[in-house]
file entry.cif (mmCIF, C-alpha atoms)
data_entry
loop_
_atom_site.label_atom_id
_atom_site.label_comp_id
_atom_site.auth_asym_id
_atom_site.auth_seq_id
_atom_site.Cartn_x
_atom_site.Cartn_y
_atom_site.Cartn_z
CA MET H 1 90.47 63.77 109.09
CA LEU H 2 91.04 60.10 109.68
CA ILE H 3 92.99 59.44 112.89
CA THR H 4 95.41 56.57 112.45
CA TRP H 5 97.88 55.06 114.87
CA LYS H 6 100.70 56.68 112.93
CA ARG H 7 99.13 60.13 113.14
CA ALA H 8 98.32 59.72 116.83
CA ILE H 9 101.92 58.76 117.63
CA LEU H 10 103.27 61.64 115.53
CA GLY H 11 100.89 64.04 117.33
CA LEU H 12 102.07 62.85 120.75
CA LEU H 13 105.71 63.20 119.71
CA ALA H 14 105.05 66.71 118.41
CA ALA H 15 103.33 67.69 121.67
CA ALA H 16 106.23 66.28 123.70
CA PHE H 17 108.74 68.13 121.51
CA LEU H 18 106.79 71.37 121.89
CA GLY H 19 106.71 70.95 125.68
CA LEU H 20 110.46 70.35 125.78
CA ALA H 21 111.04 73.36 123.54
CA VAL H 22 109.01 75.63 125.82
CA ALA H 23 110.88 74.30 128.89
CA TRP H 24 114.23 74.79 127.11
CA SER H 25 113.36 78.34 126.09
CA GLY H 26 113.11 79.57 129.69
CA LEU H 27 109.70 81.13 129.08
CA ILE H 28 108.21 79.34 132.11
CA ASN H 29 108.57 81.64 135.12
CA VAL H 30 109.76 79.63 138.13
CA SER H 31 110.32 82.66 140.39
CA ALA H 32 108.77 82.46 143.84
CA SER H 33 107.90 86.16 143.55
CA SER H 34 105.48 85.46 140.69
CA GLY H 35 103.31 83.14 142.78
CA HIS H 36 100.96 80.52 141.29
CA TRP H 37 98.02 81.00 139.01
CA ALA H 38 94.83 80.62 141.01
CA ILE H 39 93.98 77.38 139.18
CA SER H 40 97.49 76.01 139.83
CA ASP H 41 97.28 76.92 143.52
CA TRP H 42 93.88 75.25 143.88
CA PHE H 43 94.95 72.13 142.00
CA LEU H 44 98.20 71.63 143.96
CA HIS H 45 96.46 72.05 147.33
CA TRP H 46 93.64 69.75 146.22
CA VAL H 47 96.14 67.05 145.22
CA MET H 48 98.05 67.51 148.49
CA ARG H 49 94.97 67.21 150.68
CA ASN H 50 93.72 64.12 148.86
CA SER H 51 97.15 62.51 149.12
CA VAL H 52 97.47 63.23 152.86
CA GLU H 53 93.96 61.98 153.62
CA THR H 54 94.49 58.71 151.75
CA ARG H 55 98.03 57.96 152.84
CA SER H 56 97.53 58.91 156.48
CA ALA H 57 94.53 56.57 156.63
CA LEU H 58 96.71 53.74 155.30
CA GLY H 59 100.05 54.48 156.94
CA SER H 60 99.73 56.58 160.10
CA PRO H 61 99.50 54.86 163.50
CA ARG H 62 96.24 55.13 165.42
CA ASP H 63 98.13 56.45 168.45
CA ALA H 64 99.48 59.39 166.44
CA SER H 65 99.76 61.84 169.35
CA ASP H 66 101.76 61.73 172.58
CA PRO H 67 101.30 64.72 174.91
CA SER H 68 103.84 63.43 177.45
CA GLY H 69 106.80 65.13 175.74
CA LEU H 70 105.65 68.68 175.08
CA ILE H 71 108.88 70.27 176.36
CA SER H 72 111.18 68.57 173.85
CA ALA H 73 108.63 69.13 171.06
CA ALA H 74 108.33 72.81 171.97
CA GLY H 75 112.10 73.21 172.04
CA HIS H 76 112.44 71.65 168.60
CA PHE H 77 109.57 73.73 167.25
CA ALA H 78 111.17 76.94 168.54
CA ALA H 79 114.53 76.01 167.03
CA SER H 80 113.39 74.53 163.71
CA CYS H 81 109.80 75.44 162.86
CA ALA H 82 108.84 78.82 164.31
CA SER H 83 110.95 80.78 161.82
CA CYS H 84 108.66 79.53 159.03
CA HIS H 85 105.32 79.01 160.78
CA GLY H 86 105.48 81.51 163.61
CA ALA H 87 104.38 80.63 167.14
CA PRO H 88 102.24 82.10 169.93
CA GLY H 89 103.65 85.61 170.36
CA VAL H 90 106.32 85.01 167.70
CA LYS H 91 105.94 86.19 164.09
CA PRO H 92 107.36 84.06 161.28
CA SER H 93 110.43 85.29 159.42
CA PRO H 94 109.48 87.44 156.39
CA VAL H 95 112.24 85.62 154.49
CA PHE H 96 110.40 82.29 154.67
CA GLN H 97 107.03 83.90 154.18
CA ALA H 98 108.28 85.03 150.75
CA ALA H 99 108.34 81.40 149.61
CA THR H 100 105.73 79.96 147.23
CA PRO H 101 103.68 78.72 148.93
CA PRO H 102 104.40 80.48 152.26
CA ALA H 103 104.40 78.27 155.35
CA PRO H 104 100.90 78.23 156.89
CA ASN H 105 100.04 79.66 160.28
CA LEU H 106 99.55 76.45 162.27
CA MET H 107 97.59 78.30 164.94
CA GLU H 108 94.91 78.69 162.26
CA THR H 109 95.32 75.59 160.09
CA ALA H 110 96.10 72.81 162.61
CA PRO H 111 92.38 72.18 163.36
CA GLU H 112 91.83 71.35 159.67
CA TRP H 113 93.83 68.13 160.07
CA SER H 114 93.35 65.01 162.20
CA ASP H 115 96.16 63.69 164.41
CA ARG H 116 96.91 60.92 161.91
CA GLN H 117 97.09 63.43 159.07
CA LEU H 118 99.40 65.71 161.06
CA PHE H 119 101.57 62.69 161.82
CA TRP H 120 101.86 61.86 158.11
CA ILE H 121 102.73 65.45 157.16
CA LEU H 122 105.33 65.79 159.92
CA ASN H 123 106.82 62.37 159.23
CA HIS H 124 106.96 62.51 155.42
CA GLY H 125 106.90 66.22 154.56
CA VAL H 126 105.26 67.60 151.41
CA LYS H 127 106.95 67.96 148.02
CA PHE H 128 107.16 71.38 146.35
CA THR H 129 106.29 73.24 149.57
CA GLY H 130 109.54 73.40 151.55
CA MET H 131 107.99 71.20 154.28
CA PRO H 132 110.73 68.62 155.03
CA ALA H 133 110.34 65.02 156.13
CA TRP H 134 111.25 64.21 159.73
CA PRO H 135 115.05 63.83 159.59
CA ALA H 136 115.23 60.84 161.95
CA ARG H 137 113.18 58.35 159.96
CA GLU H 138 112.71 55.80 162.75
CA ARG H 139 111.87 58.24 165.55
CA HIS H 140 108.09 58.03 165.43
CA ASP H 141 108.09 58.82 169.15
CA GLU H 142 109.40 62.31 168.35
CA VAL H 143 106.79 62.78 165.63
CA ARG H 144 104.00 61.80 168.03
CA ARG H 145 105.17 64.38 170.54
CA MET H 146 105.25 67.06 167.84
CA VAL H 147 101.70 66.15 166.75
CA ALA H 148 100.52 66.75 170.31
CA PHE H 149 102.33 70.08 170.44
CA VAL H 150 100.95 71.29 167.09
CA ARG H 151 97.46 70.25 168.17
CA LEU H 152 97.71 72.65 171.14
CA LEU H 153 99.00 75.65 169.15
CA PRO H 154 95.56 77.15 168.32
CA THR H 155 94.74 77.57 172.03
CA MET H 156 98.27 78.16 173.34
CA THR H 157 99.07 81.55 174.88
CA PRO H 158 102.44 83.26 174.39
CA ARG H 159 103.13 82.76 178.09
CA ARG H 160 102.49 79.02 177.87
CA TYR H 161 104.70 78.78 174.79
CA GLU H 162 107.51 80.53 176.64
CA GLU H 163 107.07 78.20 179.62
CA LEU H 164 107.27 75.10 177.44
CA THR H 165 110.34 76.32 175.57
CA GLY H 166 112.08 77.40 178.76
CA GLY H 167 112.46 80.92 177.39
CA VAL H 168 114.50 79.75 174.39
CA ALA H 169 112.06 81.46 172.03
CA ARG H 170 113.25 84.82 173.34
CA LEU H 171 116.95 84.19 172.69
CA THR H 172 118.28 86.30 169.85
CA GLY H 173 121.95 85.35 170.15
CA SER H 174 123.73 82.01 170.16
CA ASN H 175 123.82 81.37 173.90
CA THR H 176 124.53 77.67 173.66
CA PHE H 177 124.02 76.63 177.28
CA GLU H 178 120.73 78.51 177.64
CA SER H 179 119.49 76.91 174.42
CA CYS H 180 120.24 73.44 175.80
CA ALA H 181 118.81 74.33 179.21
CA GLY H 182 115.52 75.19 177.52
CA CYS H 183 114.85 71.44 177.40
CA HIS H 184 117.42 69.89 179.74
CA GLY H 185 117.00 72.46 182.49
CA ALA H 186 119.67 74.64 184.07
CA ASP H 187 120.23 71.83 186.57
CA GLY H 188 120.49 69.10 183.91
CA ARG H 189 117.44 67.25 185.22
CA GLY H 190 115.22 67.52 182.14
CA ARG H 191 112.53 69.84 183.56
CA GLY H 192 110.46 66.84 184.67
CA ALA H 193 109.84 65.61 181.11
CA PRO H 194 109.80 61.80 180.84
CA ASP H 195 111.60 61.72 177.48
CA ILE H 196 114.50 64.00 178.50
CA PRO H 197 117.25 62.27 180.49
CA TYR H 198 119.14 63.43 183.55
CA LEU H 199 122.52 64.82 182.46
CA GLY H 200 123.89 65.88 185.84
CA GLY H 201 126.50 63.43 187.14
CA GLN H 202 126.83 61.71 183.77
CA LYS H 203 130.35 61.12 182.46
CA ALA H 204 131.60 64.04 180.37
CA GLU H 205 133.11 61.71 177.75
CA VAL H 206 129.75 59.94 177.38
CA LEU H 207 127.92 63.24 176.80
CA MET H 208 130.62 64.31 174.33
CA ALA H 209 130.32 61.05 172.38
CA ALA H 210 126.52 61.39 172.28
CA LEU H 211 126.74 64.92 170.84
CA ARG H 212 129.21 63.75 168.20
CA ASP H 213 126.93 60.87 167.24
CA TYR H 214 123.90 63.15 167.01
CA GLN H 215 125.84 65.59 164.86
CA SER H 216 127.08 62.86 162.48
CA GLY H 217 123.73 61.08 162.33
CA ALA H 218 125.14 57.89 163.85
CA ARG H 219 122.52 58.32 166.59
CA GLN H 220 119.07 59.18 165.29
CA SER H 221 117.05 62.09 166.66
CA ALA H 222 115.62 65.06 164.78
CA VAL H 223 115.53 67.08 168.01
CA MET H 224 119.10 66.41 169.14
CA GLY H 225 120.44 66.24 165.60
CA HIS H 226 119.31 69.81 164.99
CA ALA H 227 120.60 70.96 168.37
CA ALA H 228 124.04 69.43 167.76
CA ALA H 229 124.37 70.39 164.09
CA ARG H 230 126.07 73.75 164.67
CA LEU H 231 128.10 72.89 167.74
CA SER H 232 131.85 73.14 167.45
CA ALA H 233 134.16 70.68 169.18
CA ASP H 234 134.81 73.32 171.86
CA ASP H 235 131.05 73.85 172.33
CA MET H 236 130.56 70.11 172.83
CA ARG H 237 133.42 69.89 175.28
CA ASP H 238 132.21 72.87 177.31
CA LEU H 239 128.61 71.65 177.43
CA SER H 240 129.59 68.09 178.33
CA THR H 241 131.87 69.26 181.13
CA ARG H 242 129.32 71.72 182.51
CA PHE H 243 126.40 69.28 182.59
CA ALA H 244 128.54 66.42 183.91
CA ALA H 245 129.68 68.59 186.84
CA MET H 246 126.11 69.13 188.04
CA PRO H 247 124.65 67.09 190.94
CA GLY H 248 124.42 63.43 190.00
CA LEU H 249 121.57 61.05 189.48
CA LYS H 250 119.40 60.57 192.54
CA ALA H 251 118.55 56.96 193.18
CA THR H 252 115.46 56.10 195.20
CA ALA H 253 114.73 52.79 196.91
CA ALA H 254 115.37 49.98 194.46
CA ALA H 255 112.30 48.15 193.22
CA ASN H 256 111.75 44.77 194.86
CA ASP H 257 111.97 42.83 191.60
CA ALA H 258 114.15 39.71 191.71
CA GLN H 259 113.94 39.07 187.95
CA ALA H 260 114.98 42.62 187.07
CA ARG H 261 117.80 42.42 189.60
CA GLN H 262 118.95 39.14 188.05
CA ILE H 263 119.28 40.77 184.61
CA VAL H 264 120.91 43.96 185.92
CA GLU H 265 123.45 42.23 188.16
CA MET H 266 124.01 38.80 186.56
CA GLY H 267 122.33 38.80 183.15
CA LEU H 268 120.73 35.78 181.51
CA PRO H 269 123.55 33.46 180.37
CA ALA H 270 121.09 31.10 178.64
CA LYS H 271 120.04 33.96 176.34
CA GLN H 272 123.59 35.31 175.98
CA LEU H 273 122.38 38.46 177.72
CA PRO H 274 125.16 40.10 179.74
CA ALA H 275 124.51 41.89 183.01
CA CYS H 276 123.91 45.65 182.80
CA ALA H 277 126.35 46.03 185.70
CA SER H 278 129.15 44.42 183.70
CA CYS H 279 129.54 47.71 181.77
CA HIS H 280 127.45 50.47 183.35
CA VAL H 281 129.44 50.98 186.53
CA PRO H 282 131.93 53.61 187.74
CA GLY H 283 135.38 53.19 186.23
CA LYS H 284 134.15 52.05 182.82
CA PRO H 285 133.58 54.33 179.80
CA TYR H 286 129.85 53.72 179.54
CA PRO H 287 126.81 55.81 180.52
CA VAL H 288 125.69 55.99 184.13
CA ILE H 289 122.23 54.43 184.17
CA ALA H 290 121.64 53.85 187.90
CA GLY H 291 119.12 56.48 188.99
CA GLN H 292 118.24 57.49 185.41
CA LYS H 293 114.56 58.07 184.55
CA ALA H 294 112.77 54.77 183.99
CA SER H 295 110.74 56.28 181.16
CA TYR H 296 113.92 57.30 179.34
CA ILE H 297 115.71 53.97 179.85
CA ALA H 298 112.69 52.00 178.60
CA ALA H 299 112.28 54.25 175.56
CA ARG H 300 115.97 53.95 174.65
CA LEU H 301 115.88 50.16 174.94
CA ARG H 302 112.83 50.00 172.65
CA GLN H 303 114.49 52.31 170.13
CA MET H 304 117.60 50.14 170.11
CA ARG H 305 115.55 46.97 169.68
CA GLY H 306 114.34 48.29 166.33
CA ASP H 307 111.50 46.86 164.29
CA ASP H 308 110.30 43.51 165.62
CA LYS H 309 109.04 42.65 162.13
CA GLU H 310 112.58 42.70 160.71
CA ILE H 311 114.64 39.56 161.29
CA ASP H 312 117.57 39.93 163.68
CA ALA H 313 120.25 39.23 161.07
CA ARG H 314 119.17 42.25 159.01
CA GLN H 315 119.23 44.67 161.93
CA THR H 316 122.27 46.52 163.23
CA GLN H 317 124.77 44.30 165.00
CA ALA H 318 126.11 47.10 167.20
CA THR H 319 126.59 45.98 170.80
CA MET H 320 123.68 47.69 172.56
CA PRO H 321 121.01 46.99 169.90
CA VAL H 322 121.98 43.30 170.00
CA ILE H 323 121.74 43.28 173.80
CA ALA H 324 118.42 45.17 173.74
CA ARG H 325 116.91 42.58 171.38
CA ARG H 326 117.85 39.81 173.83
CA ILE H 327 115.99 41.41 176.72
CA PRO H 328 112.54 39.83 177.13
CA LYS H 329 109.89 42.36 176.10
CA ASN H 330 107.99 42.02 179.34
CA MET H 331 111.14 42.91 181.30
CA ILE H 332 112.00 46.24 179.68
CA ASP H 333 109.85 48.43 181.93
CA ARG H 334 110.72 46.36 184.99
CA ILE H 335 114.46 46.70 184.36
CA ALA H 336 114.04 50.44 183.77
CA HIS H 337 112.20 50.92 187.06
CA TYR H 338 114.76 48.81 188.89
CA LEU H 339 117.63 50.89 187.49
CA GLU H 340 115.87 54.14 188.37
CA GLY H 341 115.79 53.08 191.98
CA GLU H 342 119.12 51.26 192.15
CA ALA H 343 122.12 53.03 193.67
CA VAL H 344 125.38 52.02 192.01
CA GLY H 345 128.35 54.10 193.12
CA PRO H 346 128.19 57.51 194.82
CA THR H 347 125.54 60.11 194.04
CA ARG H 348 125.66 63.78 194.89
CA ASP H 349 122.89 66.02 196.19
#

call {"tool": "encode", "arguments": {"input": "entry.cif", "output": "C-alpha cells"}}
result
Amino acid sequence: MLITWKRAILGLLAAAFLGLAVAWSGLINVSASSGHWAISDWFLHWVMRNSVETRSALGSPRDASDPSGLISAAGHFAASCASCHGAPGVKPSPVFQAATPPAPNLMETAPEWSDRQLFWILNHGVKFTGMPAWPARERHDEVRRMVAFVRLLPTMTPRRYEELTGGVARLTGSNTFESCAGCHGADGRGRGAPDIPYLGGQKAEVLMAALRDYQSGARQSAVMGHAAARLSADDMRDLSTRFAAMPGLKATAAANDAQARQIVEMGLPAKQLPACASCHVPGKPYPVIAGQKASYIAARLRQMRGDDKEIDARQTQATMPVIARRIPKNMIDRIAHYLEGEAVGPTRD
C-alpha cells in the first residue's frame, strides 16, 4: 500500500483518537494496589536515573553537602521523612509503603547516589513518585545539611539517630515543647549546632512573629515551616513565652574590630547603612542579636542578601534584606563575630 502524506496524517489522527478513547473508557488501571508492569517499572526508574545524573551534573553545586548542621537535618527528617523512608531503628509507615512506587529505604539506597545527585533529588523532588521538592526554594543551606545527614544513614545506629533528633523520634503524641526542644534544646541554646539560634532571652513577641512568618511562608525554611505548620495561636504564644523566659544570650568579650564596631554602633552613612544598634537594642520591638551565635547571624545576613546575580531593584525591598545588601561582603563574618561578643543590655545566667 502506498503511504501518502494524507494517509499518514489520517493514521496519526486515528491512533490519537484511539488513545483518547481508551483513556476515556476507564480501562487503564491507575490504582496503586495494582503496581507497575515490570517493563514500566524498569523504564520509569531508568528515565529517572538518567535525568538525575544529567541534571545534577549541570545544576547541583559542587559543595553539595554540609555536615555542620546534622541536628536540624535530623529533626526535619524525623518529622517529615521517616514516616515514608524509615530511619535507624524506626520502621516506615505501612500506609506510605503501600504507594506505587514505595519510598526507598535510604539506609540501603543512599550509597547509590553522589552528593550532587542527592542534592538535586532533595531540592527538586521526583515526579510520579511522591517525593516532593524542597518547600523553601532558596534554602540551599538546608538541602546541603540534609544531604550530609542522608549520606550518614547507612552507617548510623539507632542510638546515634536518637541522639541527633534529641529523642523526638520516640515521641508518639503531640508534645509540642519536646518536639521543639529536639533541635532547640530544653534550655533554648540550640544544642551547640551552628545553624540553630539561641532562643533564651529573646523577646517573646519576636519569637511569636517568626513562628507566624514561618507558618505563612513569609519567612522561608522547610525545617521551620514544617514545624510551625500545625501550631495554633495558643501553641505559638506558649512556646514563645516559655523560650523567651529562659536564661538570656551570653555575651563574651567583644572582638577587637574597629570596622565592625563602626557598622554596629554608627553604621556607614555614605552607603546609607544604618547602625545595627539603632534598632536591635532593649526597648525596641526587634530581635536581640547581641550575644547571638556568629554562625547564625552571618547565615541570616547572607540569606537576606539574596542572589548576588540578581540586580538590586528586582529583589525584595523589605527593610532587612535592603540593609543586608548594603553591608560589605567582607564584613559579614566580622560583624557577626563582633555581635556574638558584644554585650548590649543585661544578660542572665

call {"tool": "residues_around", "arguments": {"input": "entry.cif", "residues": "H:Gly130", "least_positions_apart": "3", "cutoff": "9 Å", "atoms": "only C-alpha atoms", "output": "mmCIF file with C-alpha atoms, in the coordinates of the input"}}
result
data_model
loop_
_atom_site.group_PDB
_atom_site.id
_atom_site.type_symbol
_atom_site.label_atom_id
_atom_site.label_comp_id
_atom_site.auth_asym_id
_atom_site.auth_seq_id
_atom_site.Cartn_x
_atom_site.Cartn_y
_atom_site.Cartn_z
ATOM 1 C CA ALA H 99 108.340 81.400 149.610
ATOM 2 C CA THR H 100 105.730 79.960 147.230
ATOM 3 C CA PRO H 101 103.680 78.720 148.930
ATOM 4 C CA PRO H 102 104.400 80.480 152.260
ATOM 5 C CA ALA H 103 104.400 78.270 155.350
ATOM 6 C CA GLY H 125 106.900 66.220 154.560
ATOM 7 C CA VAL H 126 105.260 67.600 151.410
ATOM 8 C CA LYS H 127 106.950 67.960 148.020
#

call {"tool": "closest_residue", "arguments": {"input": "entry.cif", "among": "H:Cys81, H:Ala228, H:Gln215, H:Pro197", "to": "H:Ala294", "atoms": "all atoms listed in the file"}}
result
H:Pro197

call {"tool": "atom_distance", "arguments": {"input": "entry.cif", "atom1": "atom CA of H:Asp195", "atom2": "atom CA of H:Met304"}}
result
15.0 Å

call {"tool": "closest_residue", "arguments": {"input": "entry.cif", "among": "H:Tyr338, H:Trp42, H:Phe77, H:Phe149", "to": "H:Ala110", "atoms": "all atoms listed in the file"}}
result
H:Phe149

call {"tool": "closest_residue", "arguments": {"input": "entry.cif", "among": "H:Pro194, H:Gly267, H:Gly291, H:Gly306", "to": "H:Pro67", "atoms": "all atoms listed in the file"}}
result
H:Pro194

call {"tool": "atom_distance", "arguments": {"input": "entry.cif", "atom1": "atom CA of H:Ser72", "atom2": "atom CA of H:Val223"}}
result
7.4 Å

call {"tool": "resolve_selection", "arguments": {"input": "entry.cif", "expression": "the PyMOL selection byres ((chain H and resi 324) around 10)", "output": "ChimeraX atom specification"}}
result
/H:273,300-306,319-323,325-329,332

call {"tool": "atom_distance", "arguments": {"input": "entry.cif", "atom1": "atom CA of H:Ala275", "atom2": "atom CA of H:Tyr198"}}
result
22.2 Å

call {"tool": "residues_around", "arguments": {"input": "entry.cif", "residues": "H:Cys276", "least_positions_apart": "5", "cutoff": "9 Å", "atoms": "all atoms listed in the file", "output": "mmCIF file with C-alpha atoms, in the coordinates of the input"}}
result
data_model
loop_
_atom_site.group_PDB
_atom_site.id
_atom_site.type_symbol
_atom_site.label_atom_id
_atom_site.label_comp_id
_atom_site.auth_asym_id
_atom_site.auth_seq_id
_atom_site.Cartn_x
_atom_site.Cartn_y
_atom_site.Cartn_z
ATOM 1 C CA ILE H 263 119.280 40.770 184.610
ATOM 2 C CA VAL H 264 120.910 43.960 185.920
ATOM 3 C CA GLU H 265 123.450 42.230 188.160
ATOM 4 C CA MET H 266 124.010 38.800 186.560
ATOM 5 C CA GLY H 267 122.330 38.800 183.150
ATOM 6 C CA VAL H 281 129.440 50.980 186.530
#

call {"tool": "decode", "arguments": {"input": "entry.cif", "residues": "stretch 130-140 of chain H", "atoms": "all heavy atoms", "output": "compact mmCIF listing (two decimals), in the first residue's frame"}}
result
# COMPACT_ATOMS: atom_id res chain seq x y z
N GLY H 130 5.86 10.72 44.53
CA GLY H 130 5.51 11.22 45.86
C GLY H 130 6.65 11.92 46.55
O GLY H 130 6.50 12.44 47.66
N MET H 131 7.86 11.97 45.93
CA MET H 131 9.00 12.66 46.51
C MET H 131 8.87 14.15 46.20
O MET H 131 8.98 14.57 45.05
CB MET H 131 10.30 12.11 45.92
CG MET H 131 11.55 12.85 46.39
SD MET H 131 11.80 12.70 48.17
CE MET H 131 13.07 13.94 48.41
N PRO H 132 8.60 14.99 47.22
CA PRO H 132 8.36 16.41 46.95
C PRO H 132 9.65 17.20 46.76
O PRO H 132 10.73 16.77 47.16
CB PRO H 132 7.64 16.87 48.23
CG PRO H 132 8.24 16.01 49.30
CD PRO H 132 8.49 14.66 48.64
N ALA H 133 9.51 18.37 46.15
CA ALA H 133 10.63 19.31 46.08
C ALA H 133 10.81 19.95 47.45
O ALA H 133 9.91 19.93 48.30
CB ALA H 133 10.34 20.39 45.04
N TRP H 134 12.00 20.50 47.70
CA TRP H 134 12.25 21.18 48.96
C TRP H 134 11.33 22.40 49.03
O TRP H 134 11.35 23.25 48.13
CB TRP H 134 13.71 21.61 49.05
CG TRP H 134 14.17 21.90 50.43
CD1 TRP H 134 14.32 23.13 51.01
CD2 TRP H 134 14.52 20.93 51.44
NE1 TRP H 134 14.75 23.00 52.31
CE2 TRP H 134 14.88 21.66 52.60
CE3 TRP H 134 14.56 19.55 51.47
CZ2 TRP H 134 15.28 21.03 53.77
CZ3 TRP H 134 14.96 18.92 52.63
CH2 TRP H 134 15.32 19.65 53.77
N PRO H 135 10.51 22.53 50.06
CA PRO H 135 9.49 23.58 50.08
C PRO H 135 10.04 25.00 50.05
O PRO H 135 9.42 25.89 49.48
CB PRO H 135 8.73 23.31 51.39
CG PRO H 135 9.05 21.91 51.75
CD PRO H 135 10.41 21.64 51.21
N ALA H 136 11.18 25.22 50.69
CA ALA H 136 11.79 26.55 50.70
C ALA H 136 12.81 26.61 49.57
O ALA H 136 13.95 26.17 49.72
CB ALA H 136 12.46 26.82 52.05
N ARG H 137 12.41 27.16 48.44
CA ARG H 137 13.18 27.03 47.21
C ARG H 137 14.57 27.66 47.29
O ARG H 137 15.48 27.23 46.59
CB ARG H 137 12.40 27.65 46.04
CG ARG H 137 11.05 27.01 45.79
CD ARG H 137 11.13 25.52 45.47
NE ARG H 137 12.06 25.23 44.41
CZ ARG H 137 12.99 24.31 44.48
NH1 ARG H 137 13.16 23.59 45.58
NH2 ARG H 137 13.78 24.09 43.46
N GLU H 138 14.74 28.68 48.10
CA GLU H 138 16.04 29.37 48.14
C GLU H 138 16.93 28.89 49.28
O GLU H 138 18.03 29.40 49.44
CB GLU H 138 15.81 30.88 48.27
CG GLU H 138 14.97 31.49 47.16
CD GLU H 138 15.56 31.22 45.78
OE1 GLU H 138 16.79 31.31 45.63
OE2 GLU H 138 14.78 30.90 44.86
N ARG H 139 16.49 27.90 50.06
CA ARG H 139 17.27 27.47 51.22
C ARG H 139 18.17 26.30 50.87
O ARG H 139 18.03 25.19 51.38
CB ARG H 139 16.34 27.14 52.38
CG ARG H 139 15.60 28.33 52.96
CD ARG H 139 16.55 29.40 53.51
NE ARG H 139 17.46 28.90 54.51
CZ ARG H 139 17.17 28.87 55.81
NH1 ARG H 139 16.01 29.33 56.25
NH2 ARG H 139 18.05 28.41 56.69
N HIS H 140 19.13 26.55 49.99
CA HIS H 140 20.09 25.51 49.63
C HIS H 140 20.94 25.09 50.81
O HIS H 140 21.48 23.98 50.83
CB HIS H 140 20.97 26.00 48.48
CG HIS H 140 20.23 26.10 47.18
ND1 HIS H 140 20.83 26.56 46.02
CD2 HIS H 140 18.94 25.81 46.85
CE1 HIS H 140 19.93 26.53 45.03
NE2 HIS H 140 18.78 26.09 45.52
